[in-house]
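**Q** Data file data29.pdb (PDB, C-alpha atoms) is appended below.
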ATOM      1  CA  GLN A 221     -12.915  -7.368 -12.905
ATOM      2  CA  VAL A 222     -10.968  -5.501 -10.269
ATOM      3  CA  GLN A 223      -7.614  -4.217 -11.453
ATOM      4  CA  LEU A 224      -4.932  -2.510  -9.399
ATOM      5  CA  VAL A 225      -1.945  -0.951 -11.138
ATOM      6  CA  GLU A 226       0.999   0.408  -9.168
ATOM      7  CA  SER A 227       3.499   2.958 -10.401
ATOM      8  CA  GLY A 228       6.132   5.336  -9.076
ATOM      9  CA  GLY A 229       8.828   2.945  -7.953
ATOM     10  CA  GLY A 230      12.479   3.439  -8.766
ATOM     11  CA  LEU A 231      16.015   3.805  -7.502
ATOM     12  CA  VAL A 232      16.669   6.436  -4.841
ATOM     13  CA  GLN A 233      19.490   7.225  -2.424
ATOM     14  CA  THR A 234      19.208   6.879   1.326
ATOM     15  CA  GLY A 235      17.240   9.796   2.700
ATOM     16  CA  GLY A 236      15.386  10.371  -0.545
ATOM     17  CA  SER A 237      11.678  10.294  -1.299
ATOM     18  CA  LEU A 238       9.306   8.523  -3.647
ATOM     19  CA  ARG A 239       5.553   8.596  -4.125
ATOM     20  CA  LEU A 240       3.856   5.394  -5.176
ATOM     21  CA  SER A 241       0.462   5.376  -6.866
ATOM     22  CA  CYS A 242      -2.084   2.619  -7.292
ATOM     23  CA  THR A 243      -4.875   3.178  -9.778
ATOM     24  CA  ALA A 244      -7.950   1.018  -9.339
ATOM     25  CA  SER A 245     -10.714   0.032 -11.724
ATOM     26  CA  GLY A 246     -13.540  -2.470 -11.959
ATOM     27  CA  ARG A 247     -15.628  -1.449  -8.958
ATOM     28  CA  THR A 248     -16.515   1.535  -6.767
ATOM     29  CA  PHE A 249     -13.115   2.482  -5.385
ATOM     30  CA  SER A 250     -14.507   4.796  -2.734
ATOM     31  CA  SER A 251     -16.340   1.954  -0.975
ATOM     32  CA  TYR A 252     -13.292  -0.127  -0.087
ATOM     33  CA  ALA A 253     -10.360   0.050   2.275
ATOM     34  CA  MET A 254      -6.939  -0.160   0.670
ATOM     35  CA  ALA A 255      -3.478  -1.180   1.794
ATOM     36  CA  TRP A 256       0.182  -1.271   0.848
ATOM     37  CA  PHE A 257       2.380  -4.314   1.413
ATOM     38  CA  ARG A 258       5.977  -4.960   0.460
ATOM     39  CA  GLN A 259       8.154  -7.972  -0.178
ATOM     40  CA  ALA A 260      11.932  -8.021  -0.045
ATOM     41  CA  PRO A 261      13.931 -10.818  -1.693
ATOM     42  CA  GLY A 262      13.773 -14.001   0.351
ATOM     43  CA  LYS A 263      11.229 -12.574   2.773
ATOM     44  CA  GLU A 264       7.500 -12.857   3.252
ATOM     45  CA  ARG A 265       5.167 -10.123   2.085
ATOM     46  CA  GLU A 266       4.647  -7.684   4.936
ATOM     47  CA  PHE A 267       2.123  -5.017   5.820
ATOM     48  CA  VAL A 268       3.151  -1.391   5.344
ATOM     49  CA  ALA A 269       0.030   0.776   5.679
ATOM     50  CA  ALA A 270      -3.735   0.716   5.327
ATOM     51  CA  ILE A 271      -6.486   3.280   4.898
ATOM     52  CA  SER A 272     -10.241   3.068   5.329
ATOM     53  CA  TRP A 273     -12.709   3.785   2.531
ATOM     54  CA  ASN A 274     -12.976   7.495   3.336
ATOM     55  CA  GLY A 275      -9.449   8.051   4.600
ATOM     56  CA  GLY A 276     -10.664   8.534   8.153
ATOM     57  CA  ASN A 277      -8.622   5.677   9.580
ATOM     58  CA  THR A 278      -5.032   4.833   8.763
ATOM     59  CA  ASP A 279      -2.542   2.372  10.194
ATOM     60  CA  TYR A 280       1.185   1.879   9.706
ATOM     61  CA  THR A 281       3.732  -0.701  10.579
ATOM     62  CA  ASP A 282       6.122   0.647  13.219
ATOM     63  CA  SER A 283       9.150   0.754  10.931
ATOM     64  CA  VAL A 284       7.575   3.352   8.612
ATOM     65  CA  LYS A 285       5.671   5.525  11.085
ATOM     66  CA  GLY A 286       6.658   9.154  10.728
ATOM     67  CA  ARG A 287       8.273   8.525   7.327
ATOM     68  CA  PHE A 288       5.481   7.138   5.133
ATOM     69  CA  THR A 289       2.003   8.554   4.531
ATOM     70  CA  ILE A 290      -0.865   6.645   2.967
ATOM     71  CA  SER A 291      -3.628   8.634   1.287
ATOM     72  CA  ARG A 292      -6.304   8.263  -1.343
ATOM     73  CA  ASP A 293      -8.141  10.344  -3.893
ATOM     74  CA  ASN A 294     -11.505   8.704  -4.413
ATOM     75  CA  ALA A 295     -12.371  11.001  -7.316
ATOM     76  CA  LYS A 296      -9.274   9.754  -9.150
ATOM     77  CA  THR A 297      -9.671   6.151  -7.868
ATOM     78  CA  THR A 298      -6.052   6.292  -6.799
ATOM     79  CA  LEU A 299      -4.186   5.231  -3.684
ATOM     80  CA  TYR A 300      -0.869   6.826  -2.737
ATOM     81  CA  LEU A 301       2.101   6.085  -0.549
ATOM     82  CA  GLN A 302       4.405   9.012   0.108
ATOM     83  CA  MET A 303       7.739   7.663   1.289
ATOM     84  CA  ASN A 304      10.254  10.020   2.856
ATOM     85  CA  SER A 305      13.601   9.480   4.584
ATOM     86  CA  LEU A 306      14.006   6.207   2.746
ATOM     87  CA  LYS A 307      16.404   3.595   4.092
ATOM     88  CA  PRO A 308      18.096   0.625   2.396
ATOM     89  CA  GLU A 309      15.837  -1.685   4.416
ATOM     90  CA  ASP A 310      12.839  -0.183   2.592
ATOM     91  CA  THR A 311      14.044  -1.879  -0.592
ATOM     92  CA  ALA A 312      11.292  -4.212  -1.797
ATOM     93  CA  VAL A 313       8.553  -4.722  -4.314
ATOM     94  CA  TYR A 314       5.556  -2.702  -3.139
ATOM     95  CA  TYR A 315       2.029  -3.956  -3.724
ATOM     96  CA  CYS A 316      -1.345  -2.321  -3.274
ATOM     97  CA  ALA A 317      -4.227  -4.480  -2.127
ATOM     98  CA  SER A 318      -7.968  -4.286  -1.613
ATOM     99  CA  PRO A 319     -10.392  -6.505   0.292
ATOM    100  CA  ARG A 320     -13.426  -8.254  -1.126
ATOM    101  CA  TYR A 321     -15.961  -6.426   1.039
ATOM    102  CA  THR A 322     -16.817  -2.777   1.532
ATOM    103  CA  GLY A 323     -16.463  -0.820   4.744
ATOM    104  CA  ALA A 324     -13.790   0.169   7.184
ATOM    105  CA  LEU A 325     -10.503  -1.663   7.566
ATOM    106  CA  PRO A 326     -11.092  -5.412   7.212
ATOM    107  CA  LYS A 327     -10.478  -7.843  10.032
ATOM    108  CA  ALA A 328      -6.839  -8.735  10.374
ATOM    109  CA  TRP A 329      -6.022  -5.846   8.054
ATOM    110  CA  ARG A 330      -2.305  -6.273   8.650
ATOM    111  CA  THR A 331      -2.306  -9.732   7.107
ATOM    112  CA  THR A 332      -2.306 -10.715   3.445
ATOM    113  CA  ARG A 333      -5.319 -12.987   3.925
ATOM    114  CA  ALA A 334      -7.548  -9.936   4.479
ATOM    115  CA  TYR A 335      -7.110  -8.875   0.844
ATOM    116  CA  ASP A 336      -8.427 -10.500  -2.298
ATOM    117  CA  TYR A 337      -7.128  -8.168  -4.975
ATOM    118  CA  TRP A 338      -3.506  -7.294  -5.619
ATOM    119  CA  GLY A 339      -1.549  -5.240  -8.084
ATOM    120  CA  GLN A 340       1.503  -6.491  -9.942
ATOM    121  CA  GLY A 341       3.920  -4.546  -7.753
ATOM    122  CA  THR A 342       6.449  -1.784  -8.254
ATOM    123  CA  GLN A 343      10.128  -2.067  -7.333
ATOM    124  CA  VAL A 344      11.625   0.366  -4.841
ATOM    125  CA  THR A 345      15.391   0.263  -4.405
ATOM    126  CA  VAL A 346      17.168   2.444  -1.853
ATOM    127  CA  SER A 347      20.924   2.649  -2.261
ATOM    128  CA  SER A 348      23.234   3.273   0.673
TER     129      SER A 348
END
Can you dump the structure from the file as structure tokens?

**A**
Amino acid sequence: QVQLVESGGGLVQTGGSLRLSCTASGRTFSSYAMAWFRQAPGKEREFVAAISWNGGNTDYTDSVKGRFTISRDNAKTTLYLQMNSLKPEDTAVYYCASPRYTGALPKAWRTTRAYDYWGQGTQVTVSS
């Protein structure tokens, strides 16, 4: 079965950096788009960034553009999220996600319903 395992979260000060990783197994990683979402306490899970199967297309929510970079290493079956200039409002549990079907970014790729597989999440806390 498909498994997604996130790592790299932690506690960082405002302005600091973290790199999240998501290691995938159970199917051909290189055939599927991938995405990062996050969920802060008391809030709905929200889209952060997405990347197509070959890395050719990426998309970011406005609040992280210019600060976060999504990338993937298909040989290592790993998805990354480099987060720079972190702010307290970036505090959340971060999840990686993958859709059921192969190809480019899925329809409605900014919504949770576009993804069928999720990791367990990794906590990111940014102190002020």

**Q** State, in Å with one decimal place, the distance from CA of Lys307 in chain A to CA of Leu240 in chain A.

**A**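 If I compute the distance from CA of Lys307 in chain A to CA of Leu240 in chain A, I get 15.7 Å.
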
**Q** Around range 245-264 of chain A, fit a box with edges along x, y and z, padding it by 6 Å on each side, then list its centre and edge lengths in Å to one decimal as AutoDock Vina command-line options.

**A**
--center_x -1.3 --center_y -4.6 --center_z -4.4 --size_x 42.4 --size_y 30.8 --size_z 27.2

**Q** Would you kindly return, as a list in words, each protein, DNA or RNA residue with an atom no farther than 12 Å from any atom of Arg265 in chain A, considering all atoms listed in the file and excluding same-chain residues fewer than 6 positions away?

**A**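 The neighbour list is Trp256, Phe257, Arg258, Gln259, Ala312, Val313, Tyr314, Tyr315, Cys316, Ala317, Arg330, Thr331, Thr332, Arg333, Trp338 and Gly341 of chain A.
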
**Q** Any idea what the distance is between CA of Leu224 in chain A and CA of Ala269 in chain A?

**A**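 Atom-to-atom, CA of Leu224 in chain A and CA of Ala269 in chain A are spaced 16.2 Å apart.
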
**Q** For a quick check of understanding, using all atoms listed in the file, which of A:Val268, A:Met254, A:Leu231, A:Ala334 has the smallest distance to Arg287 in chain A?

**A** A:Val268

**Q** Find the distance between CA of Gly236 in chain A and CA of Gly275 in chain A and write it in Å to one decimal.

**A** 25.5 Å

**Q** Kindly indicate which residue among A:Tyr321, A:Leu306, A:Leu238, A:Ser348 lies nearest to Asp336 in chain A, using only C-alpha atoms for the distances.

**A**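 Among the listed residues, the smallest separation from Asp336 in chain A belongs to A:Tyr321.
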
**Q** With a distance cut-off of 7 Å and only C-alpha atoms, select the neighbouring residues of Thr311 in chain A, excluding the residue or stretch itself and same-chain residues fewer than 2 positions from it, and output the selection as a list in words.

**A**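 Skipping anything fewer than 2 positions along the chain leaves Ala260, Pro308, Glu309, Val344, Thr345 and Val346 of chain A.
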
**Q** So which residues get picked by the PyMOL selection byres ((chain A and resi 244) around 9) here, written as a list in words?

**A** Val222, Gln223, Leu224, Val225, Glu226, Cys242, Thr243, Ser245, Gly246, Arg247, Thr248, Phe249, Lys296, Thr297, Thr298 and Leu299 of chain A

**Q** With the file shown as input, list the residues that the PyMOL selection byres ((chain A and resi 303) around 6) selects, as an mmCIF file with C-alpha atoms, keeping the file's coordinate frame.

**A**
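File written: result11.cif
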data_model
loop_
_atom_site.group_PDB
_atom_site.id
_atom_site.type_symbol
_atom_site.label_atom_id
_atom_site.label_comp_id
_atom_site.auth_asym_id
_atom_site.auth_seq_id
_atom_site.Cartn_x
_atom_site.Cartn_y
_atom_site.Cartn_z
ATOM 1 C CA SER A 237 11.678 10.294 -1.299
ATOM 2 C CA LEU A 238 9.306 8.523 -3.647
ATOM 3 C CA ARG A 239 5.553 8.596 -4.125
ATOM 4 C CA PHE A 288 5.481 7.138 5.133
ATOM 5 C CA GLN A 302 4.405 9.012 0.108
ATOM 6 C CA ASN A 304 10.254 10.020 2.856
#

**Q** List the residues selected by the PyMOL selection byres ((chain A and resi 320) around 8) in the file shown, writing them as a PyMOL selection string.

**A** chain A and resi 318-319+321-322+335-337

**Q** Can you work out which one of A:Ser227, A:Ser272, A:Gln221, A:Asn277 has the shortest atom-to-atom distance to Ser251 in chain A, counting all atoms listed in the file?

**A** A:Ser272

**Q** Pick from A:Pro326, A:Ile271, A:Thr342, A:Glu266: nearest to Asp293 in chain A, with only C-alpha atoms counted?

**A**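 Under the stated criterion, the closest residue is A:Ile271.
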
**Q** Mind completing range 335-346 of chain A with all heavy atoms? Output as a PDB file, in the coordinates of the input, please?

**A**
ATOM      1  N   TYR A 335      -6.996  -9.556   2.135  1.00  0.00           N
ATOM      2  CA  TYR A 335      -7.110  -8.875   0.844  1.00  0.00           C
ATOM      3  C   TYR A 335      -7.239  -9.884  -0.283  1.00  0.00           C
ATOM      4  O   TYR A 335      -6.517 -10.881  -0.325  1.00  0.00           O
ATOM      5  CB  TYR A 335      -5.904  -7.968   0.631  1.00  0.00           C
ATOM      6  CG  TYR A 335      -5.790  -6.939   1.735  1.00  0.00           C
ATOM      7  CD1 TYR A 335      -5.036  -7.200   2.872  1.00  0.00           C
ATOM      8  CD2 TYR A 335      -6.488  -5.739   1.673  1.00  0.00           C
ATOM      9  CE1 TYR A 335      -4.971  -6.284   3.915  1.00  0.00           C
ATOM     10  CE2 TYR A 335      -6.426  -4.819   2.699  1.00  0.00           C
ATOM     11  CZ  TYR A 335      -5.671  -5.100   3.823  1.00  0.00           C
ATOM     12  OH  TYR A 335      -5.620  -4.206   4.850  1.00  0.00           O
ATOM     13  N   ASP A 336      -8.148  -9.587  -1.183  1.00  0.00           N
ATOM     14  CA  ASP A 336      -8.427 -10.500  -2.298  1.00  0.00           C
ATOM     15  C   ASP A 336      -7.873 -10.014  -3.626  1.00  0.00           C
ATOM     16  O   ASP A 336      -7.749 -10.814  -4.554  1.00  0.00           O
ATOM     17  CB  ASP A 336      -9.945 -10.672  -2.422  1.00  0.00           C
ATOM     18  CG  ASP A 336     -10.546 -11.343  -1.208  1.00  0.00           C
ATOM     19  OD1 ASP A 336     -10.503 -12.591  -1.153  1.00  0.00           O
ATOM     20  OD2 ASP A 336     -11.032 -10.625  -0.319  1.00  0.00           O
ATOM     21  N   TYR A 337      -7.577  -8.732  -3.711  1.00  0.00           N
ATOM     22  CA  TYR A 337      -7.128  -8.168  -4.975  1.00  0.00           C
ATOM     23  C   TYR A 337      -5.769  -7.502  -4.775  1.00  0.00           C
ATOM     24  O   TYR A 337      -5.580  -6.747  -3.811  1.00  0.00           O
ATOM     25  CB  TYR A 337      -8.145  -7.165  -5.506  1.00  0.00           C
ATOM     26  CG  TYR A 337      -9.516  -7.771  -5.677  1.00  0.00           C
ATOM     27  CD1 TYR A 337     -10.525  -7.540  -4.754  1.00  0.00           C
ATOM     28  CD2 TYR A 337      -9.786  -8.621  -6.757  1.00  0.00           C
ATOM     29  CE1 TYR A 337     -11.766  -8.120  -4.889  1.00  0.00           C
ATOM     30  CE2 TYR A 337     -11.029  -9.201  -6.905  1.00  0.00           C
ATOM     31  CZ  TYR A 337     -12.015  -8.947  -5.970  1.00  0.00           C
ATOM     32  OH  TYR A 337     -13.244  -9.533  -6.119  1.00  0.00           O
ATOM     33  N   TRP A 338      -4.880  -7.775  -5.723  1.00  0.00           N
ATOM     34  CA  TRP A 338      -3.506  -7.294  -5.619  1.00  0.00           C
ATOM     35  C   TRP A 338      -3.048  -6.727  -6.958  1.00  0.00           C
ATOM     36  O   TRP A 338      -3.440  -7.232  -8.024  1.00  0.00           O
ATOM     37  CB  TRP A 338      -2.571  -8.448  -5.231  1.00  0.00           C
ATOM     38  CG  TRP A 338      -2.844  -8.989  -3.875  1.00  0.00           C
ATOM     39  CD1 TRP A 338      -3.782  -9.926  -3.536  1.00  0.00           C
ATOM     40  CD2 TRP A 338      -2.197  -8.627  -2.663  1.00  0.00           C
ATOM     41  NE1 TRP A 338      -3.760 -10.163  -2.191  1.00  0.00           N
ATOM     42  CE2 TRP A 338      -2.785  -9.382  -1.618  1.00  0.00           C
ATOM     43  CE3 TRP A 338      -1.182  -7.742  -2.335  1.00  0.00           C
ATOM     44  CZ2 TRP A 338      -2.387  -9.276  -0.290  1.00  0.00           C
ATOM     45  CZ3 TRP A 338      -0.775  -7.626  -1.014  1.00  0.00           C
ATOM     46  CH2 TRP A 338      -1.375  -8.388  -0.009  1.00  0.00           C
ATOM     47  N   GLY A 339      -2.195  -5.720  -6.881  1.00  0.00           N
ATOM     48  CA  GLY A 339      -1.549  -5.240  -8.084  1.00  0.00           C
ATOM     49  C   GLY A 339      -0.337  -6.099  -8.419  1.00  0.00           C
ATOM     50  O   GLY A 339      -0.032  -7.071  -7.717  1.00  0.00           O
ATOM     51  N   GLN A 340       0.349  -5.713  -9.479  1.00  0.00           N
ATOM     52  CA  GLN A 340       1.503  -6.491  -9.942  1.00  0.00           C
ATOM     53  C   GLN A 340       2.790  -6.109  -9.226  1.00  0.00           C
ATOM     54  O   GLN A 340       3.793  -6.820  -9.330  1.00  0.00           O
ATOM     55  CB  GLN A 340       1.681  -6.308 -11.454  1.00  0.00           C
ATOM     56  CG  GLN A 340       2.441  -5.055 -11.882  1.00  0.00           C
ATOM     57  CD  GLN A 340       1.676  -3.757 -11.670  1.00  0.00           C
ATOM     58  OE1 GLN A 340       0.472  -3.757 -11.408  1.00  0.00           O
ATOM     59  NE2 GLN A 340       2.386  -2.637 -11.807  1.00  0.00           N
ATOM     60  N   GLY A 341       2.754  -4.973  -8.516  1.00  0.00           N
ATOM     61  CA  GLY A 341       3.920  -4.546  -7.753  1.00  0.00           C
ATOM     62  C   GLY A 341       4.785  -3.548  -8.491  1.00  0.00           C
ATOM     63  O   GLY A 341       4.818  -3.520  -9.722  1.00  0.00           O
ATOM     64  N   THR A 342       5.484  -2.734  -7.710  1.00  0.00           N
ATOM     65  CA  THR A 342       6.449  -1.784  -8.254  1.00  0.00           C
ATOM     66  C   THR A 342       7.704  -1.836  -7.387  1.00  0.00           C
ATOM     67  O   THR A 342       7.621  -1.854  -6.158  1.00  0.00           O
ATOM     68  CB  THR A 342       5.857  -0.362  -8.331  1.00  0.00           C
ATOM     69  OG1 THR A 342       6.776   0.511  -9.003  1.00  0.00           O
ATOM     70  CG2 THR A 342       5.542   0.214  -6.962  1.00  0.00           C
ATOM     71  N   GLN A 343       8.853  -1.889  -8.043  1.00  0.00           N
ATOM     72  CA  GLN A 343      10.128  -2.067  -7.333  1.00  0.00           C
ATOM     73  C   GLN A 343      10.612  -0.734  -6.754  1.00  0.00           C
ATOM     74  O   GLN A 343      10.682   0.276  -7.467  1.00  0.00           O
ATOM     75  CB  GLN A 343      11.186  -2.625  -8.275  1.00  0.00           C
ATOM     76  CG  GLN A 343      12.574  -2.757  -7.665  1.00  0.00           C
ATOM     77  CD  GLN A 343      12.662  -3.856  -6.633  1.00  0.00           C
ATOM     78  OE1 GLN A 343      12.199  -4.981  -6.870  1.00  0.00           O
ATOM     79  NE2 GLN A 343      13.260  -3.571  -5.480  1.00  0.00           N
ATOM     80  N   VAL A 344      10.976  -0.772  -5.495  1.00  0.00           N
ATOM     81  CA  VAL A 344      11.625   0.366  -4.841  1.00  0.00           C
ATOM     82  C   VAL A 344      12.999  -0.094  -4.366  1.00  0.00           C
ATOM     83  O   VAL A 344      13.109  -1.091  -3.632  1.00  0.00           O
ATOM     84  CB  VAL A 344      10.801   0.872  -3.640  1.00  0.00           C
ATOM     85  CG1 VAL A 344      11.593   1.913  -2.854  1.00  0.00           C
ATOM     86  CG2 VAL A 344       9.480   1.463  -4.119  1.00  0.00           C
ATOM     87  N   THR A 345      14.034   0.594  -4.796  1.00  0.00           N
ATOM     88  CA  THR A 345      15.391   0.263  -4.405  1.00  0.00           C
ATOM     89  C   THR A 345      16.039   1.494  -3.791  1.00  0.00           C
ATOM     90  O   THR A 345      16.085   2.557  -4.429  1.00  0.00           O
ATOM     91  CB  THR A 345      16.218  -0.210  -5.603  1.00  0.00           C
ATOM     92  OG1 THR A 345      15.574  -1.335  -6.207  1.00  0.00           O
ATOM     93  CG2 THR A 345      17.622  -0.609  -5.163  1.00  0.00           C
ATOM     94  N   VAL A 346      16.522   1.342  -2.562  1.00  0.00           N
ATOM     95  CA  VAL A 346      17.168   2.444  -1.853  1.00  0.00           C
ATOM     96  C   VAL A 346      18.644   2.101  -1.704  1.00  0.00           C
ATOM     97  O   VAL A 346      18.996   1.112  -1.058  1.00  0.00           O
ATOM     98  CB  VAL A 346      16.529   2.685  -0.480  1.00  0.00           C
ATOM     99  CG1 VAL A 346      17.152   3.915   0.178  1.00  0.00           C
ATOM    100  CG2 VAL A 346      15.020   2.862  -0.615  1.00  0.00           C
TER     101      VAL A 346
END
